[in-house]
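Here is the structure we will look at, set down as structure tokens.
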Amino acid sequence: MSTKTYQPNASTVRRQWHLIDAKEKVLGRLAVDVARRLSGKSKRDYAPHVDAGDYVVIVNASGVRITGNNKPVQKIDFRHSGYPGGHTITPYGEFLKKKPERAVELAVNGMLPKTRLRKRQMARLKVYRGDTHPHGAQFAPAKTAAAETAQG
């Protein structure tokens, strides 16, 4: 029996791909689940200093919704160009219709830790408006050696 504490590092990380359908899901609850997977907190060997998260592909981002009586009107997306008077204010109901991918990315980004690892974790998030995505090869069933020999 070893008395040493196991510490994961970059060479021991095993990344998986997760496909999440966002249709009829609440934006905040979806973002919490995605942030946990991106940061690696859903894994057994989580360590805050190691980037051990998985890849996450979100499809049907246009079907995401927000709850609350007046939230589509009261919640806003605020952007500023840096120039005087260069601010743009968009109600979230309209923002979800125009740019649902960006809304999901902003929600997930706000729930990740504010460290150097956040940029790398966000790079593993792929969000698509519809139900098609170019990452089909990552979700295809792995071929076994027995299946390859049986085919030819």
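FYI, nothing fancy with the structure tokens labels: chains A, B, ... in order, residues from 1 per chain, ligands from 1 as they appear.
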Within 12 Å of Arg44 of chain A, counting only C-alpha atoms, which residues qualify if same-chain residues fewer than 3 places away don't, as a PDB file with all heavy atoms, in the first residue's frame?
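Listed below is the output, out_12.pdb:
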ATOM      1  N   TYR A   6      -2.059  10.702  -4.715  1.00  0.00           N
ATOM      2  CA  TYR A   6      -2.031  10.772  -6.178  1.00  0.00           C
ATOM      3  C   TYR A   6      -2.338  12.188  -6.633  1.00  0.00           C
ATOM      4  O   TYR A   6      -3.323  12.787  -6.201  1.00  0.00           O
ATOM      5  CB  TYR A   6      -3.063   9.801  -6.752  1.00  0.00           C
ATOM      6  CG  TYR A   6      -3.268   9.953  -8.239  1.00  0.00           C
ATOM      7  CD1 TYR A   6      -2.316   9.532  -9.148  1.00  0.00           C
ATOM      8  CD2 TYR A   6      -4.422  10.558  -8.719  1.00  0.00           C
ATOM      9  CE1 TYR A   6      -2.507   9.689 -10.495  1.00  0.00           C
ATOM     10  CE2 TYR A   6      -4.628  10.712 -10.074  1.00  0.00           C
ATOM     11  CZ  TYR A   6      -3.654  10.283 -10.960  1.00  0.00           C
ATOM     12  OH  TYR A   6      -3.847  10.444 -12.302  1.00  0.00           O
ATOM     13  N   GLN A   7      -1.511  12.728  -7.498  1.00  0.00           N
ATOM     14  CA  GLN A   7      -1.734  14.049  -8.079  1.00  0.00           C
ATOM     15  C   GLN A   7      -1.797  13.912  -9.598  1.00  0.00           C
ATOM     16  O   GLN A   7      -0.820  13.498 -10.220  1.00  0.00           O
ATOM     17  CB  GLN A   7      -0.605  15.017  -7.722  1.00  0.00           C
ATOM     18  CG  GLN A   7      -0.631  15.498  -6.298  1.00  0.00           C
ATOM     19  CD  GLN A   7      -1.826  16.397  -6.047  1.00  0.00           C
ATOM     20  OE1 GLN A   7      -2.240  17.172  -6.892  1.00  0.00           O
ATOM     21  NE2 GLN A   7      -2.398  16.267  -4.865  1.00  0.00           N
ATOM     22  N   PRO A   8      -2.924  14.221 -10.209  1.00  0.00           N
ATOM     23  CA  PRO A   8      -2.994  14.138 -11.670  1.00  0.00           C
ATOM     24  C   PRO A   8      -2.155  15.238 -12.314  1.00  0.00           C
ATOM     25  O   PRO A   8      -1.940  16.293 -11.727  1.00  0.00           O
ATOM     26  CB  PRO A   8      -4.485  14.355 -11.957  1.00  0.00           C
ATOM     27  CG  PRO A   8      -4.977  15.129 -10.803  1.00  0.00           C
ATOM     28  CD  PRO A   8      -4.167  14.689  -9.621  1.00  0.00           C
ATOM     29  N   VAL A  13      -4.132  12.898 -18.148  1.00  0.00           N
ATOM     30  CA  VAL A  13      -5.508  13.310 -18.443  1.00  0.00           C
ATOM     31  C   VAL A  13      -6.050  12.510 -19.619  1.00  0.00           C
ATOM     32  O   VAL A  13      -5.388  12.369 -20.649  1.00  0.00           O
ATOM     33  CB  VAL A  13      -5.563  14.823 -18.756  1.00  0.00           C
ATOM     34  CG1 VAL A  13      -6.939  15.219 -19.251  1.00  0.00           C
ATOM     35  CG2 VAL A  13      -5.188  15.623 -17.540  1.00  0.00           C
ATOM     36  N   ARG A  14      -7.249  11.973 -19.464  1.00  0.00           N
ATOM     37  CA  ARG A  14      -7.946  11.266 -20.545  1.00  0.00           C
ATOM     38  C   ARG A  14      -9.225  12.034 -20.842  1.00  0.00           C
ATOM     39  O   ARG A  14     -10.127  12.077 -20.017  1.00  0.00           O
ATOM     40  CB  ARG A  14      -8.262   9.835 -20.136  1.00  0.00           C
ATOM     41  CG  ARG A  14      -7.008   9.017 -19.854  1.00  0.00           C
ATOM     42  CD  ARG A  14      -7.385   7.624 -19.459  1.00  0.00           C
ATOM     43  NE  ARG A  14      -8.134   6.979 -20.518  1.00  0.00           N
ATOM     44  CZ  ARG A  14      -7.691   5.967 -21.256  1.00  0.00           C
ATOM     45  NH1 ARG A  14      -6.493   5.487 -21.019  1.00  0.00           N
ATOM     46  NH2 ARG A  14      -8.442   5.430 -22.190  1.00  0.00           N
ATOM     47  N   ARG A  37     -18.240  19.815 -16.723  1.00  0.00           N
ATOM     48  CA  ARG A  37     -17.543  18.891 -17.626  1.00  0.00           C
ATOM     49  C   ARG A  37     -16.286  19.526 -18.213  1.00  0.00           C
ATOM     50  O   ARG A  37     -15.266  18.857 -18.377  1.00  0.00           O
ATOM     51  CB  ARG A  37     -18.472  18.452 -18.741  1.00  0.00           C
ATOM     52  CG  ARG A  37     -19.589  17.547 -18.258  1.00  0.00           C
ATOM     53  CD  ARG A  37     -20.559  17.246 -19.378  1.00  0.00           C
ATOM     54  NE  ARG A  37     -21.788  16.672 -18.884  1.00  0.00           N
ATOM     55  CZ  ARG A  37     -22.059  15.376 -18.920  1.00  0.00           C
ATOM     56  NH1 ARG A  37     -21.187  14.540 -19.410  1.00  0.00           N
ATOM     57  NH2 ARG A  37     -23.208  14.937 -18.449  1.00  0.00           N
ATOM     58  N   GLY A  40     -13.525  19.632 -15.511  1.00  0.00           N
ATOM     59  CA  GLY A  40     -13.071  18.326 -15.044  1.00  0.00           C
ATOM     60  C   GLY A  40     -13.601  17.961 -13.678  1.00  0.00           C
ATOM     61  O   GLY A  40     -13.191  16.947 -13.101  1.00  0.00           O
ATOM     62  N   LYS A  41     -14.519  18.748 -13.125  1.00  0.00           N
ATOM     63  CA  LYS A  41     -15.040  18.458 -11.790  1.00  0.00           C
ATOM     64  C   LYS A  41     -15.906  17.213 -11.765  1.00  0.00           C
ATOM     65  O   LYS A  41     -16.155  16.658 -10.708  1.00  0.00           O
ATOM     66  CB  LYS A  41     -15.853  19.643 -11.265  1.00  0.00           C
ATOM     67  CG  LYS A  41     -14.988  20.773 -10.792  1.00  0.00           C
ATOM     68  CD  LYS A  41     -15.805  21.789 -10.059  1.00  0.00           C
ATOM     69  CE  LYS A  41     -14.907  22.819  -9.427  1.00  0.00           C
ATOM     70  NZ  LYS A  41     -15.655  23.769  -8.618  1.00  0.00           N
ATOM     71  N   ALA A  47      -8.358  17.983 -10.053  1.00  0.00           N
ATOM     72  CA  ALA A  47      -7.453  18.857  -9.311  1.00  0.00           C
ATOM     73  C   ALA A  47      -7.599  20.254  -9.911  1.00  0.00           C
ATOM     74  O   ALA A  47      -7.610  20.399 -11.140  1.00  0.00           O
ATOM     75  CB  ALA A  47      -6.015  18.379  -9.418  1.00  0.00           C
ATOM     76  N   ALA A  52      -8.105  19.239 -16.780  1.00  0.00           N
ATOM     77  CA  ALA A  52      -8.471  17.843 -16.996  1.00  0.00           C
ATOM     78  C   ALA A  52      -9.873  17.684 -17.555  1.00  0.00           C
ATOM     79  O   ALA A  52     -10.446  16.612 -17.501  1.00  0.00           O
ATOM     80  CB  ALA A  52      -8.354  17.068 -15.690  1.00  0.00           C
ATOM     81  N   GLY A  53     -10.452  18.751 -18.096  1.00  0.00           N
ATOM     82  CA  GLY A  53     -11.831  18.698 -18.569  1.00  0.00           C
ATOM     83  C   GLY A  53     -11.985  17.977 -19.888  1.00  0.00           C
ATOM     84  O   GLY A  53     -11.015  17.637 -20.566  1.00  0.00           O
TER      85      GLY A  53
END
Next item on the list: May I have all residues of segment 49-107 of chain A that DSSP, computed from the backbone, assigns to strand (DSSP E or B), given as a PyMOL selection string?
Entry: chain A and resi 55-59+65+76-80+87-91
Okay, now the selection with all heavy atoms, as a short mmCIF file (atom, residue, chain, number, x, y, z; two decimals), in the first residue's frame?
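So the final result, stored in again.cif, reads:
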data_model
loop_
_atom_site.label_atom_id
_atom_site.label_comp_id
_atom_site.auth_asym_id
_atom_site.auth_seq_id
_atom_site.Cartn_x
_atom_site.Cartn_y
_atom_site.Cartn_z
N TYR A 55 -14.21 17.48 -23.75
CA TYR A 55 -14.78 18.26 -24.85
C TYR A 55 -16.30 18.18 -24.76
O TYR A 55 -16.85 17.13 -24.45
CB TYR A 55 -14.34 17.68 -26.20
CG TYR A 55 -12.89 17.94 -26.52
CD1 TYR A 55 -11.90 17.06 -26.12
CD2 TYR A 55 -12.52 19.07 -27.23
CE1 TYR A 55 -10.58 17.29 -26.41
CE2 TYR A 55 -11.20 19.31 -27.54
CZ TYR A 55 -10.23 18.42 -27.12
OH TYR A 55 -8.92 18.66 -27.41
N VAL A 56 -16.96 19.30 -25.04
CA VAL A 56 -18.41 19.34 -24.98
C VAL A 56 -18.93 19.95 -26.28
O VAL A 56 -18.50 21.03 -26.69
CB VAL A 56 -18.92 20.16 -23.78
CG1 VAL A 56 -20.43 20.23 -23.78
CG2 VAL A 56 -18.41 19.57 -22.48
N VAL A 57 -19.84 19.24 -26.94
CA VAL A 57 -20.49 19.73 -28.15
C VAL A 57 -21.96 19.95 -27.81
O VAL A 57 -22.64 19.02 -27.35
CB VAL A 57 -20.36 18.72 -29.31
CG1 VAL A 57 -21.08 19.22 -30.54
CG2 VAL A 57 -18.89 18.47 -29.62
N ILE A 58 -22.44 21.17 -28.01
CA ILE A 58 -23.83 21.50 -27.72
C ILE A 58 -24.54 21.74 -29.05
O ILE A 58 -24.09 22.56 -29.85
CB ILE A 58 -23.94 22.75 -26.84
CG1 ILE A 58 -23.24 22.51 -25.50
CG2 ILE A 58 -25.40 23.12 -26.61
CD1 ILE A 58 -23.21 23.71 -24.60
N VAL A 59 -25.62 21.02 -29.28
CA VAL A 59 -26.42 21.20 -30.49
C VAL A 59 -27.78 21.76 -30.11
O VAL A 59 -28.19 21.68 -28.95
CB VAL A 59 -26.56 19.88 -31.29
CG1 VAL A 59 -25.21 19.43 -31.83
CG2 VAL A 59 -27.18 18.80 -30.45
N ARG A 65 -33.80 28.07 -23.43
CA ARG A 65 -34.77 29.05 -22.94
C ARG A 65 -34.30 29.59 -21.59
O ARG A 65 -33.43 29.00 -20.94
CB ARG A 65 -36.15 28.43 -22.80
CG ARG A 65 -36.24 27.28 -21.85
CD ARG A 65 -37.58 26.58 -21.90
NE ARG A 65 -37.63 25.47 -20.97
CZ ARG A 65 -38.09 25.56 -19.72
NH1 ARG A 65 -38.53 26.70 -19.26
NH2 ARG A 65 -38.11 24.50 -18.94
N ILE A 76 -30.19 41.86 -19.93
CA ILE A 76 -29.69 42.48 -21.16
C ILE A 76 -28.31 41.95 -21.51
O ILE A 76 -27.58 41.46 -20.64
CB ILE A 76 -29.63 44.02 -21.04
CG1 ILE A 76 -28.72 44.43 -19.88
CG2 ILE A 76 -31.01 44.61 -20.89
CD1 ILE A 76 -28.38 45.89 -19.85
N ASP A 77 -27.97 42.07 -22.77
CA ASP A 77 -26.61 41.82 -23.23
C ASP A 77 -26.01 43.19 -23.50
O ASP A 77 -26.52 43.95 -24.32
CB ASP A 77 -26.61 40.98 -24.51
CG ASP A 77 -25.22 40.86 -25.09
OD1 ASP A 77 -24.31 40.43 -24.36
OD2 ASP A 77 -25.04 41.21 -26.27
N PHE A 78 -24.93 43.51 -22.79
CA PHE A 78 -24.30 44.82 -22.91
C PHE A 78 -22.93 44.65 -23.57
O PHE A 78 -22.11 43.87 -23.11
CB PHE A 78 -24.14 45.45 -21.52
CG PHE A 78 -23.48 46.80 -21.57
CD1 PHE A 78 -24.23 47.93 -21.83
CD2 PHE A 78 -22.13 46.94 -21.35
CE1 PHE A 78 -23.63 49.18 -21.87
CE2 PHE A 78 -21.52 48.17 -21.40
CZ PHE A 78 -22.28 49.30 -21.66
N ARG A 79 -22.72 45.37 -24.64
CA ARG A 79 -21.42 45.38 -25.32
C ARG A 79 -20.99 46.82 -25.50
O ARG A 79 -21.82 47.71 -25.66
CB ARG A 79 -21.50 44.70 -26.69
CG ARG A 79 -21.71 43.22 -26.62
CD ARG A 79 -21.79 42.58 -27.98
NE ARG A 79 -23.02 43.01 -28.67
CZ ARG A 79 -23.04 43.57 -29.87
NH1 ARG A 79 -21.95 43.77 -30.52
NH2 ARG A 79 -24.19 43.93 -30.41
N HIS A 80 -19.67 47.04 -25.48
CA HIS A 80 -19.14 48.38 -25.70
C HIS A 80 -17.95 48.28 -26.64
O HIS A 80 -17.07 47.46 -26.46
CB HIS A 80 -18.72 49.02 -24.38
CG HIS A 80 -18.57 50.50 -24.46
ND1 HIS A 80 -17.48 51.11 -25.01
CD2 HIS A 80 -19.40 51.50 -24.08
CE1 HIS A 80 -17.61 52.41 -24.97
NE2 HIS A 80 -18.79 52.68 -24.40
N HIS A 87 -21.91 51.88 -27.05
CA HIS A 87 -22.49 50.75 -26.32
C HIS A 87 -23.73 50.24 -27.05
O HIS A 87 -24.43 50.99 -27.71
CB HIS A 87 -22.83 51.15 -24.89
CG HIS A 87 -23.85 52.23 -24.78
ND1 HIS A 87 -23.53 53.57 -24.90
CD2 HIS A 87 -25.17 52.19 -24.57
CE1 HIS A 87 -24.61 54.29 -24.77
NE2 HIS A 87 -25.64 53.48 -24.58
N THR A 88 -23.94 48.95 -26.92
CA THR A 88 -25.10 48.30 -27.51
C THR A 88 -25.80 47.50 -26.42
O THR A 88 -25.18 46.66 -25.77
CB THR A 88 -24.67 47.36 -28.65
OG1 THR A 88 -23.92 48.10 -29.59
CG2 THR A 88 -25.88 46.75 -29.33
N ILE A 89 -27.07 47.75 -26.23
CA ILE A 89 -27.86 47.06 -25.23
C ILE A 89 -28.94 46.27 -25.95
O ILE A 89 -29.72 46.83 -26.72
CB ILE A 89 -28.48 48.04 -24.23
CG1 ILE A 89 -27.38 48.78 -23.47
CG2 ILE A 89 -29.40 47.31 -23.27
CD1 ILE A 89 -27.87 49.88 -22.58
N THR A 90 -28.96 44.95 -25.74
CA THR A 90 -29.94 44.09 -26.38
C THR A 90 -30.69 43.30 -25.32
O THR A 90 -30.05 42.65 -24.48
CB THR A 90 -29.23 43.10 -27.33
OG1 THR A 90 -28.35 43.81 -28.18
CG2 THR A 90 -30.22 42.33 -28.17
N PRO A 91 -32.02 43.33 -25.30
CA PRO A 91 -32.77 42.47 -24.36
C PRO A 91 -32.48 41.00 -24.65
O PRO A 91 -32.26 40.61 -25.79
CB PRO A 91 -34.23 42.80 -24.64
CG PRO A 91 -34.21 44.08 -25.38
CD PRO A 91 -32.90 44.18 -26.08
#
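Using only C-alpha atoms for every distance, the candidate list A:Ser11, A:Gln16, A:Asn60, A:Ser42 yields A:Asn60 as the residue closest to Val104 of chain A.
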Item checked: Asp51 of chain A surroundings by only C-alpha atoms, 8 Å radius, close-in-sequence under 2 positions cut, as JSON, numbers by chain -> {"A": [10, 39, 40, 48, 49, 53, 117, 120, 121]}
Written selection (N, CA and C atoms) as a JSON list (two decimals), in the first residue's frame:
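Contents of out-v3.json, freshly written:
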[["chain", "number", "residue", "atom", "x", "y", "z"],
["A", 10, "ALA", "N", -0.83, 16.75, -16.55],
["A", 10, "ALA", "CA", -1.28, 16.87, -17.94],
["A", 10, "ALA", "C", -1.10, 15.57, -18.72],
["A", 39, "SER", "N", -14.38, 21.86, -16.84],
["A", 39, "SER", "CA", -13.34, 22.05, -15.83],
["A", 39, "SER", "C", -12.81, 20.72, -15.28],
["A", 40, "GLY", "N", -13.53, 19.63, -15.51],
["A", 40, "GLY", "CA", -13.07, 18.33, -15.04],
["A", 40, "GLY", "C", -13.60, 17.96, -13.68],
["A", 48, "PRO", "N", -7.73, 21.29, -9.10],
["A", 48, "PRO", "CA", -8.01, 22.61, -9.64],
["A", 48, "PRO", "C", -6.87, 23.20, -10.49],
["A", 49, "HIS", "N", -5.66, 22.73, -10.30],
["A", 49, "HIS", "CA", -4.54, 23.30, -11.04],
["A", 49, "HIS", "C", -4.26, 22.56, -12.35],
["A", 53, "GLY", "N", -10.45, 18.75, -18.10],
["A", 53, "GLY", "CA", -11.83, 18.70, -18.57],
["A", 53, "GLY", "C", -11.98, 17.98, -19.89],
["A", 117, "LEU", "N", -6.64, 28.87, -16.79],
["A", 117, "LEU", "CA", -7.15, 27.67, -17.46],
["A", 117, "LEU", "C", -8.45, 27.93, -18.22],
["A", 120, "ARG", "N", -8.35, 27.84, -22.12],
["A", 120, "ARG", "CA", -8.19, 26.49, -22.67],
["A", 120, "ARG", "C", -9.46, 25.66, -22.52],
["A", 121, "GLN", "N", -10.17, 25.86, -21.41],
["A", 121, "GLN", "CA", -11.41, 25.13, -21.20],
["A", 121, "GLN", "C", -12.48, 25.59, -22.18]]
Next item on the list: Do a neighbour search on segment 127-131 of chain A at 12 Å with only C-alpha atoms, toss out local chain neighbours closer than 3 positions, and write the hits as number ranges by chain.
Entry: A: 18-23, 31, 34, 55-64, 96-106, 108, 122-124, 134-136
Next item on the list: For each of A:Gly28, A:Pro72, A:Pro141, A:Pro113, take the minimum atom-to-atom distance to Tyr92 of chain A, counting only C-alpha atoms, then give the residue where this is smallest.
Entry: A:Pro72
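The shortest atom-to-atom distance to Leu125 of chain A, with only C-alpha atoms taken into account, belongs to A:Ala107 out of A:Ile66, A:Val50, A:Ala107, A:Ala137.
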Check: Separation of atom CA of Lys126 of chain A and atom CA of Thr67 of chain A, in Å?
Finding: 23.7 Å
Next item on the list: Can you check which residues of chain A DSSP gives as alpha helix (DSSP H) on the backbone and send them as a PyMOL selection string?
Entry: chain A and resi 27-39+71-74+92-98+100-111+117-123+136-139+145-151
Notebook entry, point to check: Could you work out how far atom CA of Val32 of chain A lies from atom CA of Leu112 of chain A, giving the answer in Å with one decimal?
Noted result: 8.9 Å
